[in-house]
$ cat structure.txt   # compact mmCIF, N, CA and C atoms
# COMPACT_ATOMS: atom_id res chain seq x y z
N LEU Q 226 252.41 165.13 167.85
CA LEU Q 226 253.39 165.76 168.72
C LEU Q 226 253.11 167.25 168.76
N GLY Q 227 252.32 167.67 169.70
CA GLY Q 227 251.99 169.08 169.79
C GLY Q 227 251.20 169.53 168.58
N ASP Q 228 251.76 170.46 167.83
CA ASP Q 228 251.09 170.96 166.64
C ASP Q 228 251.69 170.36 165.37
N ARG Q 229 252.15 169.14 165.46
CA ARG Q 229 252.79 168.46 164.33
C ARG Q 229 252.07 167.15 164.01
N VAL Q 230 252.13 166.77 162.75
CA VAL Q 230 251.69 165.45 162.32
C VAL Q 230 252.95 164.72 161.89
N VAL Q 231 253.14 163.53 162.43
CA VAL Q 231 254.32 162.75 162.10
C VAL Q 231 253.86 161.49 161.38
N SER Q 232 254.48 161.21 160.23
CA SER Q 232 254.12 160.00 159.49
C SER Q 232 255.39 159.23 159.15
N ASP Q 233 255.20 157.95 158.91
CA ASP Q 233 256.31 157.09 158.52
C ASP Q 233 256.50 157.23 157.01
N ASP Q 234 257.10 158.33 156.62
CA ASP Q 234 257.27 158.67 155.22
C ASP Q 234 258.77 158.66 154.90
N PRO Q 235 259.19 158.05 153.80
CA PRO Q 235 260.62 157.99 153.51
C PRO Q 235 261.22 159.35 153.15
N PHE Q 236 260.37 160.33 152.87
CA PHE Q 236 260.86 161.66 152.50
C PHE Q 236 260.67 162.60 153.68
N GLU Q 237 261.71 163.30 154.05
CA GLU Q 237 261.62 164.29 155.13
C GLU Q 237 260.89 165.50 154.58
N ARG Q 238 259.72 165.81 155.13
CA ARG Q 238 258.95 166.96 154.66
C ARG Q 238 258.54 167.80 155.86
N ASP Q 239 258.58 169.07 155.68
CA ASP Q 239 258.14 169.98 156.73
C ASP Q 239 257.34 171.08 156.06
N PHE Q 240 256.05 171.16 156.36
CA PHE Q 240 255.16 172.13 155.74
C PHE Q 240 254.54 173.01 156.80
N ASP Q 241 254.43 174.27 156.50
CA ASP Q 241 253.72 175.20 157.36
C ASP Q 241 252.32 175.39 156.75
N LEU Q 242 251.30 174.93 157.44
CA LEU Q 242 249.93 175.00 156.90
C LEU Q 242 249.28 176.36 157.14
N ARG Q 243 249.95 177.23 157.88
CA ARG Q 243 249.48 178.59 158.14
C ARG Q 243 248.03 178.62 158.64
N GLY Q 244 247.70 177.71 159.53
CA GLY Q 244 246.38 177.72 160.14
C GLY Q 244 245.25 177.25 159.25
N ARG Q 245 245.55 176.65 158.09
CA ARG Q 245 244.50 176.21 157.17
C ARG Q 245 243.88 174.88 157.60
N GLY Q 246 244.41 174.22 158.62
CA GLY Q 246 243.90 172.92 159.04
C GLY Q 246 244.46 171.81 158.17
N LEU Q 247 244.10 170.59 158.51
CA LEU Q 247 244.56 169.43 157.75
C LEU Q 247 243.48 168.36 157.81
N ALA Q 248 242.92 168.01 156.66
CA ALA Q 248 241.91 166.95 156.60
C ALA Q 248 242.63 165.60 156.57
N LEU Q 249 242.28 164.71 157.49
CA LEU Q 249 242.85 163.37 157.54
C LEU Q 249 241.81 162.39 157.03
N ASN Q 250 242.15 161.64 155.98
CA ASN Q 250 241.19 160.77 155.32
C ASN Q 250 241.70 159.33 155.26
N PRO Q 251 241.05 158.41 155.99
CA PRO Q 251 241.44 157.00 155.87
C PRO Q 251 241.04 156.48 154.50
N THR Q 252 241.85 155.60 153.92
CA THR Q 252 241.53 155.08 152.60
C THR Q 252 242.03 153.65 152.43
N VAL Q 253 241.34 152.89 151.60
CA VAL Q 253 241.78 151.54 151.26
C VAL Q 253 242.57 151.55 149.96
N PHE Q 254 242.78 152.72 149.38
CA PHE Q 254 243.41 152.82 148.07
C PHE Q 254 244.90 153.12 148.13
N THR Q 255 245.47 153.07 149.28
CA THR Q 255 246.92 153.15 149.41
C THR Q 255 247.34 152.13 150.46
N GLU Q 256 248.46 151.50 150.25
CA GLU Q 256 248.86 150.41 151.14
C GLU Q 256 249.85 150.83 152.22
N ARG Q 257 250.81 151.64 151.87
CA ARG Q 257 251.89 151.88 152.82
C ARG Q 257 252.17 153.34 153.12
N ARG Q 258 251.79 154.21 152.24
CA ARG Q 258 252.21 155.60 152.37
C ARG Q 258 251.03 156.53 152.58
N VAL Q 259 251.35 157.64 153.20
CA VAL Q 259 250.39 158.72 153.30
C VAL Q 259 250.47 159.50 151.99
N LEU Q 260 249.31 159.79 151.43
CA LEU Q 260 249.25 160.61 150.22
C LEU Q 260 248.90 162.03 150.65
N TRP Q 261 249.78 162.97 150.33
CA TRP Q 261 249.62 164.33 150.79
C TRP Q 261 249.09 165.22 149.68
N ASN Q 262 248.19 166.13 150.02
CA ASN Q 262 247.78 167.21 149.13
C ASN Q 262 248.08 168.50 149.88
N LEU Q 263 249.17 169.13 149.51
CA LEU Q 263 249.60 170.33 150.22
C LEU Q 263 249.78 171.50 149.25
N LEU Q 264 248.96 171.54 148.23
CA LEU Q 264 249.02 172.62 147.26
C LEU Q 264 248.52 173.92 147.88
N GLU Q 265 249.09 175.03 147.45
CA GLU Q 265 248.73 176.33 148.00
C GLU Q 265 247.26 176.68 147.83
N ASP Q 266 246.65 176.28 146.70
CA ASP Q 266 245.29 176.73 146.39
C ASP Q 266 244.20 175.72 146.78
N SER Q 267 244.52 174.74 147.62
CA SER Q 267 243.50 173.77 148.05
C SER Q 267 243.67 173.46 149.53
N LEU Q 268 242.63 172.86 150.08
CA LEU Q 268 242.65 172.49 151.49
C LEU Q 268 243.72 171.42 151.71
N PRO Q 269 244.61 171.61 152.66
CA PRO Q 269 245.60 170.58 152.95
C PRO Q 269 244.92 169.28 153.40
N ALA Q 270 245.40 168.15 152.88
CA ALA Q 270 244.78 166.86 153.20
C ALA Q 270 245.83 165.76 153.17
N ALA Q 271 245.55 164.73 153.93
CA ALA Q 271 246.40 163.53 153.93
C ALA Q 271 245.48 162.31 153.89
N ALA Q 272 245.73 161.41 152.94
CA ALA Q 272 245.00 160.14 152.87
C ALA Q 272 245.95 159.07 153.38
N TYR Q 273 245.51 158.33 154.39
CA TYR Q 273 246.40 157.34 155.00
C TYR Q 273 245.76 155.96 154.92
N PRO Q 274 246.60 154.90 154.88
CA PRO Q 274 246.06 153.54 154.77
C PRO Q 274 245.34 153.12 156.04
N VAL Q 275 244.17 152.50 155.87
CA VAL Q 275 243.43 151.99 157.02
C VAL Q 275 244.03 150.66 157.47
N ARG Q 276 243.75 150.28 158.70
CA ARG Q 276 244.21 149.00 159.21
C ARG Q 276 243.23 147.91 158.82
N ALA Q 277 243.71 146.67 158.76
CA ALA Q 277 242.88 145.49 158.52
C ALA Q 277 242.15 145.54 157.19
N VAL Q 278 242.73 146.18 156.21
CA VAL Q 278 242.08 146.25 154.91
C VAL Q 278 241.92 144.87 154.30
N GLY Q 279 242.79 143.93 154.70
CA GLY Q 279 242.70 142.57 154.17
C GLY Q 279 241.41 141.87 154.55
N THR Q 280 240.75 142.34 155.58
CA THR Q 280 239.50 141.71 156.02
C THR Q 280 238.27 142.51 155.62
N LEU Q 281 238.45 143.58 154.88
CA LEU Q 281 237.35 144.47 154.56
C LEU Q 281 236.21 143.77 153.84
N TRP Q 282 236.54 142.87 152.90
CA TRP Q 282 235.50 142.23 152.10
C TRP Q 282 235.28 140.79 152.51
N GLU Q 283 235.71 140.41 153.72
CA GLU Q 283 235.50 139.04 154.18
C GLU Q 283 234.04 138.81 154.57
N ALA Q 284 233.69 137.54 154.57
CA ALA Q 284 232.35 137.16 155.04
C ALA Q 284 232.22 137.51 156.52
N THR Q 285 231.02 137.82 156.95
CA THR Q 285 230.81 138.21 158.34
C THR Q 285 229.98 137.19 159.11
N GLY Q 286 229.89 135.98 158.63
CA GLY Q 286 229.19 134.97 159.39
C GLY Q 286 228.29 134.10 158.55
N ALA Q 287 227.22 133.63 159.17
CA ALA Q 287 226.30 132.70 158.52
C ALA Q 287 225.56 133.39 157.39
N PRO Q 288 225.38 132.68 156.27
CA PRO Q 288 224.60 133.26 155.17
C PRO Q 288 223.13 133.37 155.57
N PRO Q 289 222.39 134.30 154.94
CA PRO Q 289 220.96 134.43 155.26
C PRO Q 289 220.22 133.12 155.02
N GLY Q 290 219.32 132.77 155.92
CA GLY Q 290 218.53 131.54 155.79
C GLY Q 290 219.30 130.28 156.11
N ASP Q 291 220.45 130.40 156.76
CA ASP Q 291 221.29 129.25 157.08
C ASP Q 291 220.54 128.30 158.03
N PRO Q 292 220.35 127.03 157.62
CA PRO Q 292 219.66 126.08 158.50
C PRO Q 292 220.41 125.81 159.81
N LEU Q 293 221.73 125.93 159.77
CA LEU Q 293 222.52 125.72 160.99
C LEU Q 293 222.16 126.75 162.05
N ALA Q 294 221.87 127.98 161.63
CA ALA Q 294 221.50 129.04 162.57
C ALA Q 294 220.22 128.69 163.31
N ARG Q 295 219.31 127.97 162.66
CA ARG Q 295 218.07 127.58 163.33
C ARG Q 295 218.33 126.54 164.41
N VAL Q 296 219.41 125.78 164.28
CA VAL Q 296 219.71 124.72 165.25
C VAL Q 296 220.58 125.24 166.40
N VAL Q 297 221.68 125.93 166.08
CA VAL Q 297 222.62 126.36 167.13
C VAL Q 297 222.50 127.84 167.47
N GLY Q 298 221.67 128.57 166.74
CA GLY Q 298 221.51 130.00 166.97
C GLY Q 298 222.37 130.78 165.99
N PRO Q 299 221.93 132.00 165.66
CA PRO Q 299 222.64 132.78 164.64
C PRO Q 299 224.07 133.17 165.04
N GLY Q 300 224.29 133.47 166.31
CA GLY Q 300 225.64 133.86 166.76
C GLY Q 300 226.64 132.74 166.63
N ARG Q 301 226.26 131.57 167.12
CA ARG Q 301 227.17 130.42 167.05
C ARG Q 301 227.37 129.95 165.61
N ALA Q 302 226.31 130.01 164.81
CA ALA Q 302 226.44 129.64 163.40
C ALA Q 302 227.40 130.60 162.68
N ALA Q 303 227.27 131.89 162.97
CA ALA Q 303 228.16 132.87 162.36
C ALA Q 303 229.62 132.56 162.70
N LEU Q 304 229.87 132.22 163.95
CA LEU Q 304 231.25 131.90 164.36
C LEU Q 304 231.75 130.64 163.66
N LEU Q 305 230.92 129.62 163.58
CA LEU Q 305 231.35 128.38 162.92
C LEU Q 305 231.68 128.64 161.45
N HIS Q 306 230.93 129.49 160.80
CA HIS Q 306 231.21 129.81 159.40
C HIS Q 306 232.53 130.56 159.24
N LEU Q 307 232.96 131.28 160.26
CA LEU Q 307 234.20 132.05 160.18
C LEU Q 307 235.43 131.28 160.66
N LEU Q 308 235.22 130.19 161.36
CA LEU Q 308 236.35 129.53 162.01
C LEU Q 308 237.07 128.49 161.16
N ASP Q 309 236.94 128.58 159.84
CA ASP Q 309 237.82 127.78 158.98
C ASP Q 309 239.23 128.35 159.05
N THR Q 310 239.33 129.62 159.38
CA THR Q 310 240.60 130.30 159.58
C THR Q 310 240.77 130.54 161.07
N PRO Q 311 241.91 130.18 161.65
CA PRO Q 311 242.11 130.44 163.08
C PRO Q 311 241.93 131.93 163.39
N SER Q 312 241.17 132.21 164.42
CA SER Q 312 240.84 133.61 164.75
C SER Q 312 240.80 133.80 166.26
N THR Q 313 241.06 135.03 166.68
CA THR Q 313 240.96 135.39 168.10
C THR Q 313 239.55 135.88 168.39
N THR Q 314 239.24 135.97 169.66
CA THR Q 314 237.95 136.52 170.08
C THR Q 314 237.77 137.93 169.54
N THR Q 315 238.82 138.72 169.60
CA THR Q 315 238.76 140.10 169.11
C THR Q 315 238.48 140.15 167.61
N ASP Q 316 239.17 139.30 166.84
CA ASP Q 316 238.93 139.24 165.39
C ASP Q 316 237.48 138.89 165.11
N LEU Q 317 236.97 137.90 165.81
CA LEU Q 317 235.61 137.44 165.58
C LEU Q 317 234.58 138.50 165.98
N ALA Q 318 234.86 139.21 167.04
CA ALA Q 318 233.95 140.29 167.46
C ALA Q 318 233.90 141.37 166.38
N ARG Q 319 235.04 141.71 165.85
CA ARG Q 319 235.10 142.74 164.80
C ARG Q 319 234.36 142.29 163.54
N LEU Q 320 234.55 141.05 163.16
CA LEU Q 320 233.93 140.54 161.93
C LEU Q 320 232.42 140.37 162.05
N THR Q 321 231.95 140.00 163.23
CA THR Q 321 230.52 139.72 163.40
C THR Q 321 229.72 140.90 163.94
N GLY Q 322 230.40 141.85 164.56
CA GLY Q 322 229.69 142.96 165.19
C GLY Q 322 229.20 142.62 166.59
N MET Q 323 229.50 141.41 167.08
CA MET Q 323 229.14 141.03 168.45
C MET Q 323 230.17 141.61 169.42
N SER Q 324 229.80 141.71 170.68
CA SER Q 324 230.77 142.13 171.69
C SER Q 324 231.76 140.99 171.93
N ALA Q 325 232.95 141.33 172.40
CA ALA Q 325 233.95 140.31 172.69
C ALA Q 325 233.44 139.35 173.76
N GLY Q 326 232.69 139.85 174.74
CA GLY Q 326 232.13 138.99 175.78
C GLY Q 326 231.13 137.99 175.22
N ASN Q 327 230.29 138.45 174.30
CA ASN Q 327 229.31 137.57 173.67
C ASN Q 327 230.01 136.49 172.85
N VAL Q 328 231.01 136.91 172.07
CA VAL Q 328 231.79 135.95 171.28
C VAL Q 328 232.43 134.92 172.20
N SER Q 329 233.00 135.38 173.30
CA SER Q 329 233.66 134.49 174.25
C SER Q 329 232.69 133.45 174.82
N GLN Q 330 231.47 133.87 175.14
CA GLN Q 330 230.47 132.93 175.65
C GLN Q 330 230.10 131.89 174.59
N HIS Q 331 229.91 132.33 173.36
CA HIS Q 331 229.59 131.39 172.28
C HIS Q 331 230.75 130.42 172.05
N LEU Q 332 231.98 130.93 172.07
CA LEU Q 332 233.14 130.06 171.85
C LEU Q 332 233.28 129.03 172.96
N ALA Q 333 232.99 129.43 174.19
CA ALA Q 333 233.05 128.48 175.31
C ALA Q 333 232.05 127.34 175.10
N ALA Q 334 230.83 127.69 174.66
CA ALA Q 334 229.82 126.66 174.42
C ALA Q 334 230.22 125.76 173.25
N LEU Q 335 230.73 126.35 172.18
CA LEU Q 335 231.15 125.56 171.01
C LEU Q 335 232.33 124.66 171.36
N HIS Q 336 233.24 125.17 172.20
CA HIS Q 336 234.39 124.36 172.61
C HIS Q 336 233.93 123.20 173.50
N ALA Q 337 233.02 123.47 174.42
CA ALA Q 337 232.51 122.42 175.30
C ALA Q 337 231.80 121.33 174.51
N ALA Q 338 231.19 121.70 173.38
CA ALA Q 338 230.48 120.73 172.54
C ALA Q 338 231.42 120.02 171.57
N GLY Q 339 232.71 120.36 171.61
CA GLY Q 339 233.69 119.71 170.73
C GLY Q 339 233.68 120.24 169.30
N LEU Q 340 233.12 121.43 169.11
CA LEU Q 340 233.04 121.98 167.76
C LEU Q 340 234.17 122.95 167.43
N THR Q 341 234.87 123.43 168.44
CA THR Q 341 236.03 124.30 168.20
C THR Q 341 237.21 123.80 169.02
N SER Q 342 238.40 124.09 168.51
CA SER Q 342 239.62 123.84 169.28
C SER Q 342 240.26 125.19 169.56
N ARG Q 343 241.12 125.23 170.53
CA ARG Q 343 241.82 126.48 170.82
C ARG Q 343 243.29 126.20 171.08
N THR Q 344 244.11 127.08 170.58
CA THR Q 344 245.56 126.97 170.79
C THR Q 344 246.10 128.34 171.14
N ARG Q 345 247.09 128.34 171.99
CA ARG Q 345 247.72 129.60 172.38
C ARG Q 345 248.87 129.87 171.42
N GLN Q 346 248.92 131.12 170.95
CA GLN Q 346 250.02 131.55 170.10
C GLN Q 346 250.50 132.88 170.65
N GLY Q 347 251.57 132.82 171.44
CA GLY Q 347 252.04 134.03 172.12
C GLY Q 347 251.00 134.49 173.12
N ARG Q 348 250.58 135.74 173.00
CA ARG Q 348 249.58 136.32 173.91
C ARG Q 348 248.16 136.03 173.47
N HIS Q 349 247.99 135.42 172.31
CA HIS Q 349 246.66 135.23 171.74
C HIS Q 349 246.21 133.78 171.83
N VAL Q 350 244.90 133.60 171.94
CA VAL Q 350 244.28 132.28 171.85
C VAL Q 350 243.55 132.25 170.52
N LEU Q 351 243.89 131.26 169.70
CA LEU Q 351 243.27 131.12 168.38
C LEU Q 351 242.24 129.99 168.43
N TYR Q 352 241.07 130.27 167.92
CA TYR Q 352 240.00 129.27 167.84
C TYR Q 352 239.88 128.82 166.40
N ARG Q 353 239.49 127.55 166.23
CA ARG Q 353 239.33 126.99 164.89
C ARG Q 353 238.31 125.85 164.96
N ASN Q 354 237.62 125.61 163.87
CA ASN Q 354 236.66 124.51 163.81
C ASN Q 354 237.37 123.16 163.94
N THR Q 355 236.70 122.24 164.59
CA THR Q 355 237.16 120.85 164.63
C THR Q 355 236.56 120.11 163.45
N ASP Q 356 236.97 118.86 163.27
CA ASP Q 356 236.39 118.05 162.20
C ASP Q 356 234.88 117.91 162.37
N ALA Q 357 234.43 117.81 163.63
CA ALA Q 357 232.98 117.68 163.90
C ALA Q 357 232.23 118.92 163.40
N ALA Q 358 232.81 120.09 163.60
CA ALA Q 358 232.16 121.32 163.13
C ALA Q 358 232.13 121.36 161.60
N ARG Q 359 233.19 120.92 160.97
CA ARG Q 359 233.22 120.91 159.50
C ARG Q 359 232.16 119.97 158.93
N VAL Q 360 231.96 118.82 159.59
CA VAL Q 360 230.90 117.89 159.15
C VAL Q 360 229.54 118.55 159.33
N LEU Q 361 229.32 119.21 160.43
CA LEU Q 361 228.07 119.91 160.70
C LEU Q 361 227.81 121.01 159.66
N LEU Q 362 228.82 121.76 159.33
CA LEU Q 362 228.69 122.82 158.32
C LEU Q 362 228.35 122.24 156.96
N ARG Q 363 229.04 121.18 156.57
CA ARG Q 363 228.76 120.53 155.27
C ARG Q 363 227.33 120.01 155.24
N ALA Q 364 226.90 119.38 156.32
CA ALA Q 364 225.55 118.82 156.38
C ALA Q 364 224.50 119.91 156.26
N SER Q 365 224.76 121.07 156.87
CA SER Q 365 223.79 122.17 156.83
C SER Q 365 223.71 122.81 155.44
N GLN Q 366 224.74 122.58 154.63
CA GLN Q 366 224.76 123.13 153.27
C GLN Q 366 224.28 122.10 152.25
N GLY Q 367 223.79 120.99 152.76
CA GLY Q 367 223.25 119.95 151.89
C GLY Q 367 224.33 119.13 151.21
N GLY Q 368 225.53 119.12 151.76
CA GLY Q 368 226.60 118.36 151.09
C GLY Q 368 227.32 117.50 151.95

$ encode --input "structure.txt" --output "structure tokens"
Amino acid sequence: LGDRVVSDDPFERDFDLRGRGLALNPTVFTERRVLWNLLEDSLPAAAYPVRAVGTLWEATGAPPGDPLARVVGPGRAALLHLLDTPSTTTDLARLTGMSAGNVSQHLAALHAAGLTSRTRQGRHVLYRNTDAARVLLRASQGG
């Protein structure tokens, strides 16, 4: 708001930084609050919680050397490995690093082959592996 930083902080605070600037640092080490460093003798800084930290250490697709990737391609294999959990196209694009359009094309092919199902939940369409995809994944892992 103009020359102000507004945060969802339970404590009402108003600081004059006197032109010293403010370093904004995203962090995974705080969950809900902004951590402020507003001491007179140091650079003013705020560490704020990043979004989607719950997915930070999640798998991003097919494991290296995955035999399934040789059959259906690395993009589709990556999606099948992630679709044990219902996910949107946007979620899958973020996790795999593919564009949303590319993910959408792969999902359309997987759905046409009967390997994914889709359900609408509000404004979102969630994709998930079918039983056929789970059998294919197990077979590719030698089990």

$ closest_residue --input "structure.txt" --among "Q:Trp261, Q:Gly298, Q:Val328, Q:Ala270" --to "Leu247 of chain Q" --atoms "only N, CA and C atoms"
Q:Ala270

$ residues_around --input "structure.txt" --residues "Ala248 of chain Q" --least-positions-apart "3" --cutoff "8 Å" --atoms "only N, CA and C atoms" --output "list in words"
Arg245, Pro251, Leu268, Pro269, Ala270, Ala271 and Ala272 of chain Q

$ closest_residue --input "structure.txt" --among "Q:Ala364, Q:Val350, Q:Leu260, Q:Leu242" --to "Thr313 of chain Q" --atoms "only N, CA and C atoms"
Q:Val350

$ select_by_dssp --input "structure.txt" --residues "chain Q" --states "helix (DSSP H, G or I)" --output "number ranges by chain"
Q: 278-280, 292-297, 299-307, 314-321, 325-337, 356-365

$ closest_residue --input "structure.txt" --among "Q:Ala325, Q:Leu320, Q:Val231, Q:Leu307" --to "Arg353 of chain Q" --atoms "only N, CA and C atoms"
Q:Leu307

$ atom_distance --input "structure.txt" --atom1 "atom N of His336 of chain Q" --atom2 "atom CA of Leu305 of chain Q"
10.0 Å

$ residues_around --input "structure.txt" --residues "segment 287-291 of chain Q" --least-positions-apart "3" --cutoff "6.5 Å" --atoms "only N, CA and C atoms" --output "PDB file with N, CA and C atoms, in the frame of the given file"
ATOM      1  N   ALA Q 294     221.870 127.980 161.630  1.00  0.00           N
ATOM      2  CA  ALA Q 294     221.500 129.040 162.570  1.00  0.00           C
ATOM      3  C   ALA Q 294     220.220 128.690 163.310  1.00  0.00           C
ATOM      4  N   ARG Q 295     219.310 127.970 162.660  1.00  0.00           N
ATOM      5  CA  ARG Q 295     218.070 127.580 163.330  1.00  0.00           C
ATOM      6  C   ARG Q 295     218.330 126.540 164.410  1.00  0.00           C
ATOM      7  N   ALA Q 302     226.310 130.010 164.810  1.00  0.00           N
ATOM      8  CA  ALA Q 302     226.440 129.640 163.400  1.00  0.00           C
ATOM      9  C   ALA Q 302     227.400 130.600 162.680  1.00  0.00           C
ATOM     10  N   ALA Q 303     227.270 131.890 162.970  1.00  0.00           N
ATOM     11  CA  ALA Q 303     228.160 132.870 162.360  1.00  0.00           C
ATOM     12  C   ALA Q 303     229.620 132.560 162.700  1.00  0.00           C
ATOM     13  N   LEU Q 304     229.870 132.220 163.950  1.00  0.00           N
ATOM     14  CA  LEU Q 304     231.250 131.900 164.360  1.00  0.00           C
ATOM     15  C   LEU Q 304     231.750 130.640 163.660  1.00  0.00           C
ATOM     16  N   HIS Q 306     230.930 129.490 160.800  1.00  0.00           N
ATOM     17  CA  HIS Q 306     231.210 129.810 159.400  1.00  0.00           C
ATOM     18  C   HIS Q 306     232.530 130.560 159.240  1.00  0.00           C
ATOM     19  N   LEU Q 307     232.960 131.280 160.260  1.00  0.00           N
ATOM     20  CA  LEU Q 307     234.200 132.050 160.180  1.00  0.00           C
ATOM     21  C   LEU Q 307     235.430 131.280 160.660  1.00  0.00           C
TER      22      LEU Q 307
END

$ select_by_dssp --input "structure.txt" --residues "segment 243-305 of chain Q" --states "strand (DSSP E or B)" --output "mmCIF file with N, CA and C atoms, in the coordinates of the input"
data_model
loop_
_atom_site.group_PDB
_atom_site.id
_atom_site.type_symbol
_atom_site.label_atom_id
_atom_site.label_comp_id
_atom_site.auth_asym_id
_atom_site.auth_seq_id
_atom_site.Cartn_x
_atom_site.Cartn_y
_atom_site.Cartn_z
ATOM 1 N N ALA Q 248 242.920 168.010 156.660
ATOM 2 C CA ALA Q 248 241.910 166.950 156.600
ATOM 3 C C ALA Q 248 242.630 165.600 156.570
ATOM 4 N N LEU Q 249 242.280 164.710 157.490
ATOM 5 C CA LEU Q 249 242.850 163.370 157.540
ATOM 6 C C LEU Q 249 241.810 162.390 157.030
ATOM 7 N N ASN Q 250 242.150 161.640 155.980
ATOM 8 C CA ASN Q 250 241.190 160.770 155.320
ATOM 9 C C ASN Q 250 241.700 159.330 155.260
ATOM 10 N N PRO Q 251 241.050 158.410 155.990
ATOM 11 C CA PRO Q 251 241.440 157.000 155.870
ATOM 12 C C PRO Q 251 241.040 156.480 154.500
ATOM 13 N N THR Q 252 241.850 155.600 153.920
ATOM 14 C CA THR Q 252 241.530 155.080 152.600
ATOM 15 C C THR Q 252 242.030 153.650 152.430
ATOM 16 N N LEU Q 260 249.310 159.790 151.430
ATOM 17 C CA LEU Q 260 249.250 160.610 150.220
ATOM 18 C C LEU Q 260 248.900 162.030 150.650
ATOM 19 N N TRP Q 261 249.780 162.970 150.330
ATOM 20 C CA TRP Q 261 249.620 164.330 150.790
ATOM 21 C C TRP Q 261 249.090 165.220 149.680
ATOM 22 N N ASN Q 262 248.190 166.130 150.020
ATOM 23 C CA ASN Q 262 247.780 167.210 149.130
ATOM 24 C C ASN Q 262 248.080 168.500 149.880
ATOM 25 N N ALA Q 270 245.400 168.150 152.880
ATOM 26 C CA ALA Q 270 244.780 166.860 153.200
ATOM 27 C C ALA Q 270 245.830 165.760 153.170
ATOM 28 N N ALA Q 271 245.550 164.730 153.930
ATOM 29 C CA ALA Q 271 246.400 163.530 153.930
ATOM 30 C C ALA Q 271 245.480 162.310 153.890
ATOM 31 N N ALA Q 272 245.730 161.410 152.940
ATOM 32 C CA ALA Q 272 245.000 160.140 152.870
ATOM 33 C C ALA Q 272 245.950 159.070 153.380
ATOM 34 N N TYR Q 273 245.510 158.330 154.390
ATOM 35 C CA TYR Q 273 246.400 157.340 155.000
ATOM 36 C C TYR Q 273 245.760 155.960 154.920
ATOM 37 N N PRO Q 274 246.600 154.900 154.880
ATOM 38 C CA PRO Q 274 246.060 153.540 154.770
ATOM 39 C C PRO Q 274 245.340 153.120 156.040
#

$ atom_distance --input "structure.txt" --atom1 "atom C of Leu249 of chain Q" --atom2 "atom C of Tyr273 of chain Q"
7.8 Å

$ atom_distance --input "structure.txt" --atom1 "atom CA of Gln330 of chain Q" --atom2 "atom CA of Thr344 of chain Q"
16.9 Å

$ closest_residue --input "structure.txt" --among "Q:Pro311, Q:Pro299, Q:Pro274, Q:Gly326" --to "Tyr352 of chain Q" --atoms "only C-alpha atoms"
Q:Pro311
